[in-house]
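Student: Here it is, the structure in full.
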Amino acid sequence: MPVDITATPRREQYAISGGGPYPFDFEILEAADLAVYRDATLLSFPAHYTVTIGSNGKGSISLLSATGTTLTIVGARLYRRVTSFPTGGDFKALDVNREFSSLQIQIQQLLDMGNRALRVPTTEVGYPDELPSVALRGGRWLYWDAEGHVVPATPTATNLAVSAYAQTLLDDLDAAAARDTLGGVREKLTGARTYYVRTDGNDANDGLSNSAGGAFLTPQRAIDVIHQTLDFASLITVEVAAGAYTEGIVANGAFTGGGVVLFNAPAYPIVTSITDTICVEAVNGAELYFTGGFEFHGETQGLFAWLGGKIHFAGCVFAEGGADQIQIYATRLGYIEAQTDYIMSGGGLNHVQASHQGNFRQSSGTLILVDDVTFTHASYYALTEADITFTGNSTVSYGGNTCTAKKFIVSAATIQWASQVADAPLGSLPGEEYSGGRFLGATDQTDTFIADFTLDMTATGDQAITMPLWAHEISWMAAKDASTAVCLGTTVGLVNHALVNAHVAATSAWSLVTNACIYVYDATTGDIFEAAVTARTHTSVTITKAKTGTPTGTLKVSLVGKRRS
């Protein structure tokens, strides 16, 4: 038994690298005088480790399982008497030494705990303060008052060195609550996310689980949460369960971060119906995607895109709505696209209407009739510089059903039907052209024309360019006087692209500019001249010019287009 109990700190710590042994350089009287921790877990003796004790009371432990990261060995002798000395009994030196050694070990353990405790300087008196009772300190904070004493209190602007506004954050239990307090702070998503909508859901839910207690009640709630609280560049999918929804969807403005929002429903004939005055509205740059058997019952519009709004759909169903229903309506730079097959089970005023530079495009697939339908105005109606376009892969399947309607009405606009189907587009009655409106069928012949003009690079604003005849697709070439600055670009409808040669740059790489048809960059001066088609009629286009710096000179511009013979 050791007699000299040294003042060595009663703790050792090691990085675990095997079973051991791991020595401890302080004296113990028995194996039970140790507490051994693997990371933050207290191990049991002898289930987890063995102890070897030398004649000087020091020794080592060996782990039975060499897992974990950090091993901590500390003194843990019980605080109790070791030996009883009865009156008249033996007074043995061994027992006395053991008793004093035990007391010394206990003192060193207390010293180790004291060294890790919060203390005030030796020169201060009257400390430590006694903690208040549970009744006084429960659910409250402890802080030091102006005299340095511990006081229980509810946090306020007067007892914490923070502003009253920051105080409100201290009560928030999670990041979502803190964002609500701060106001306008969005959650930054780093990956995809899925929200759920069900007819037994609740708009007070978070929408993140497919259950009655987790899902939203309405698709609009999903849009509101995405619009108002998220910053994302990836895909957000809104899974809408089958059932009847009596509130439409309005998306006003582009989504923060530029991500994609996709609404998905079970495939037809499972019914996921949306019934409202307008079923889906995209405005001010909002862009939405719909897949699956959504069934739209619009009183006035099924899908409505305007002021730069965009809607893409595949597999959806256009059903009966109001008598004046326009099932698909794109206006004022709105864009709607049918990406593949879709279904029609009801009629209205027009199936598709596009006006005032709005655009509808059926990229591919088949429009499938599953019932007899009637459109009181026309199947397709285009007016005032709008465009309705069908690619060569677009077809109509009547399936023994009828569509009672004029095929089209077009006025000061264009409908392009590239399909080779003889009885296309949809409808039983011939179409009509008014006021310069053009219907271009699959057999229409076209030829090429070229128009030349000059642009002043010092000018700003709009400039109308007269063309020989109407053209939908135009290729541009622009060259700066006495310079190697050359620009090649295209305009399809009102969608502009420029392939640019930065002629003074160190490299001659070409780069695509997606918002301009003419783009000239001078790397020496930093000047930029940019032009985009913003309006189009049958005989002219209007380009809007923008520039940075003070570019000089003129551009010689040629356009090549297709016109109807």
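Residues in the structure tokens are named by chain (A, B, ... in the order shown) and by number from 1 within that chain; ligands are numbered from 1 in the order shown.
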Sorted by chain and rising residue number, which residues of stretch 308-334 of chain A lie within 10 Å of stretch 251-264 of chain A, and what are their closest atom pairs and distances in Å to one decimal, counting only C-alpha atoms, as a tab-separated table?
Tutor:
```
residue	atom	partner	partner_atom	distance
A:Gly308	CA	A:Gly253	CA	9.1
A:Gly309	CA	A:Gly253	CA	7.9
A:Lys310	CA	A:Ala254	CA	9.9
A:His312	CA	A:Leu262	CA	9.3
A:Phe313	CA	A:Phe263	CA	9.4
A:Ala314	CA	A:Asn264	CA	9.9
```
Student: Which residues, written as number ranges by chain, have at least one atom at most 9 Å from A:Leu230, with only C-alpha atoms counted and residues fewer than 4 positions away on the same chain left out?
Tutor: A: 185-189, 225-226, 255-257
Student: Extract the full set of strand (DSSP E) residues from stretch 91-312 of chain A according to DSSP on the backbone, and format it as an NGL selection string.
Tutor: :A and (141-144 or 150-153 or 187-188 or 193-197 or 230-231 or 235-240 or 243-245 or 249-252 or 260-264 or 272-283 or 287-291 or 294-306 or 310-312)
Student: Could you dump the residues just selected with C-alpha atoms as a compact mmCIF listing (two decimals), in the first residue's frame?
Tutor:
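Dumped to out.txt:
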```txt
# COMPACT_ATOMS: atom_id res chain seq x y z
CA TRP A 141 -31.91 32.44 -16.28
CA LEU A 142 -29.03 33.14 -13.91
CA TYR A 143 -26.98 36.24 -14.49
CA TRP A 144 -24.67 38.54 -12.55
CA VAL A 150 -25.92 35.62 -9.13
CA VAL A 151 -29.58 36.54 -9.63
CA PRO A 152 -32.44 34.54 -11.25
CA ALA A 153 -34.47 36.50 -13.77
CA GLU A 187 -34.40 29.32 -45.81
CA LYS A 188 -31.55 28.50 -48.21
CA ARG A 193 -37.45 19.16 -51.53
CA THR A 194 -40.94 17.63 -51.68
CA TYR A 195 -44.14 19.09 -50.24
CA TYR A 196 -47.41 17.18 -49.92
CA VAL A 197 -51.03 18.28 -50.42
CA LEU A 230 -37.43 29.74 -49.59
CA ASP A 231 -34.30 30.51 -51.60
CA LEU A 235 -36.28 21.23 -57.85
CA ILE A 236 -39.24 21.51 -55.49
CA THR A 237 -41.93 18.91 -56.13
CA VAL A 238 -45.47 19.38 -54.82
CA GLU A 239 -47.19 15.99 -54.66
CA VAL A 240 -50.95 16.55 -54.83
CA GLY A 243 -59.38 14.37 -54.74
CA ALA A 244 -61.33 17.55 -55.38
CA TYR A 245 -59.72 20.95 -54.72
CA ILE A 249 -53.26 28.26 -57.77
CA VAL A 250 -51.81 31.75 -58.21
CA ALA A 251 -48.04 32.21 -58.60
CA ASN A 252 -47.15 35.92 -58.70
CA VAL A 260 -38.10 24.82 -60.56
CA VAL A 261 -41.52 24.12 -59.01
CA LEU A 262 -43.26 20.97 -60.26
CA PHE A 263 -46.82 19.97 -59.31
CA ASN A 264 -47.41 16.23 -59.69
CA THR A 272 -57.21 15.20 -59.08
CA SER A 273 -59.53 18.07 -59.93
CA ILE A 274 -59.05 21.82 -59.49
CA THR A 275 -62.19 23.92 -59.77
CA ASP A 276 -62.17 27.71 -59.55
CA THR A 277 -62.66 30.87 -61.61
CA ILE A 278 -59.04 30.43 -62.74
CA CYS A 279 -57.46 27.05 -62.01
CA VAL A 280 -53.80 28.02 -62.45
CA GLU A 281 -52.42 31.54 -62.92
CA ALA A 282 -48.75 32.41 -63.51
CA VAL A 283 -47.92 36.14 -63.62
CA GLU A 287 -42.96 29.59 -63.95
CA LEU A 288 -44.80 26.36 -63.05
CA TYR A 289 -44.72 22.75 -64.26
CA PHE A 290 -47.65 20.29 -64.04
CA THR A 291 -47.47 16.54 -64.63
CA PHE A 294 -54.70 17.20 -63.02
CA GLU A 295 -58.26 17.90 -64.18
CA PHE A 296 -58.93 21.62 -64.70
CA HIS A 297 -62.48 23.00 -64.40
CA GLY A 298 -62.11 26.73 -65.01
CA GLU A 299 -65.03 29.14 -64.86
CA THR A 300 -63.13 31.65 -67.02
CA GLN A 301 -59.65 30.10 -67.51
CA GLY A 302 -58.07 26.73 -66.90
CA LEU A 303 -54.42 27.77 -67.34
CA PHE A 304 -53.66 31.51 -67.49
CA ALA A 305 -50.19 32.95 -68.10
CA TRP A 306 -49.55 36.68 -68.49
CA LYS A 310 -44.98 30.52 -67.90
CA ILE A 311 -46.83 27.21 -67.50
CA HIS A 312 -45.65 23.82 -68.78
```
Student: May I ask which of the residues A:Gln104, A:His48, A:Thr514, A:Thr72 is the closest one to A:Gln13, counting only C-alpha atoms?
Tutor: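 Ranking A:Gln104, A:His48, A:Thr514, A:Thr72 by distance to A:Gln13, first place goes to A:Thr72.
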Student: Mind checking which residues fall within 8 Å of A:Lys556, counting only C-alpha atoms, ignoring those fewer than 4 positions away in the same chain, and posting them as a VMD selection string?
Tutor: chain A and resid 452 to 455 478 to 481
Student: Keeping C-alpha atoms for every residue in the selection just given, could you write it to a file as a short mmCIF file (atom, residue, chain, number, x, y, z; two decimals), in the first residue's frame?
Tutor:
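Here's the written file part.cif:
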```cif
data_model
loop_
_atom_site.label_atom_id
_atom_site.label_comp_id
_atom_site.auth_asym_id
_atom_site.auth_seq_id
_atom_site.Cartn_x
_atom_site.Cartn_y
_atom_site.Cartn_z
CA ASP A 452 -30.66 45.20 -94.41
CA PHE A 453 -30.62 48.22 -92.12
CA THR A 454 -28.29 50.34 -89.99
CA LEU A 455 -28.27 50.87 -86.21
CA ALA A 478 -24.46 42.60 -87.30
CA ALA A 479 -21.02 44.08 -88.00
CA LYS A 480 -19.51 47.27 -86.61
CA ASP A 481 -18.02 49.77 -89.06
#
```
Student: Could you give me, as a list of chain:residue names, the residues within 9 Å of A:Ala35, counting only C-alpha atoms and dropping anything in the same chain fewer than 2 positions from it?
Tutor: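 Listed by chain and then number, they are A:Ala32, A:Asp33, A:Tyr37, A:Leu42, A:Leu43, A:Ser44, A:Phe45, A:Thr72, A:Ile73, A:Val74, A:Gly75, A:Ala76, A:Arg77.
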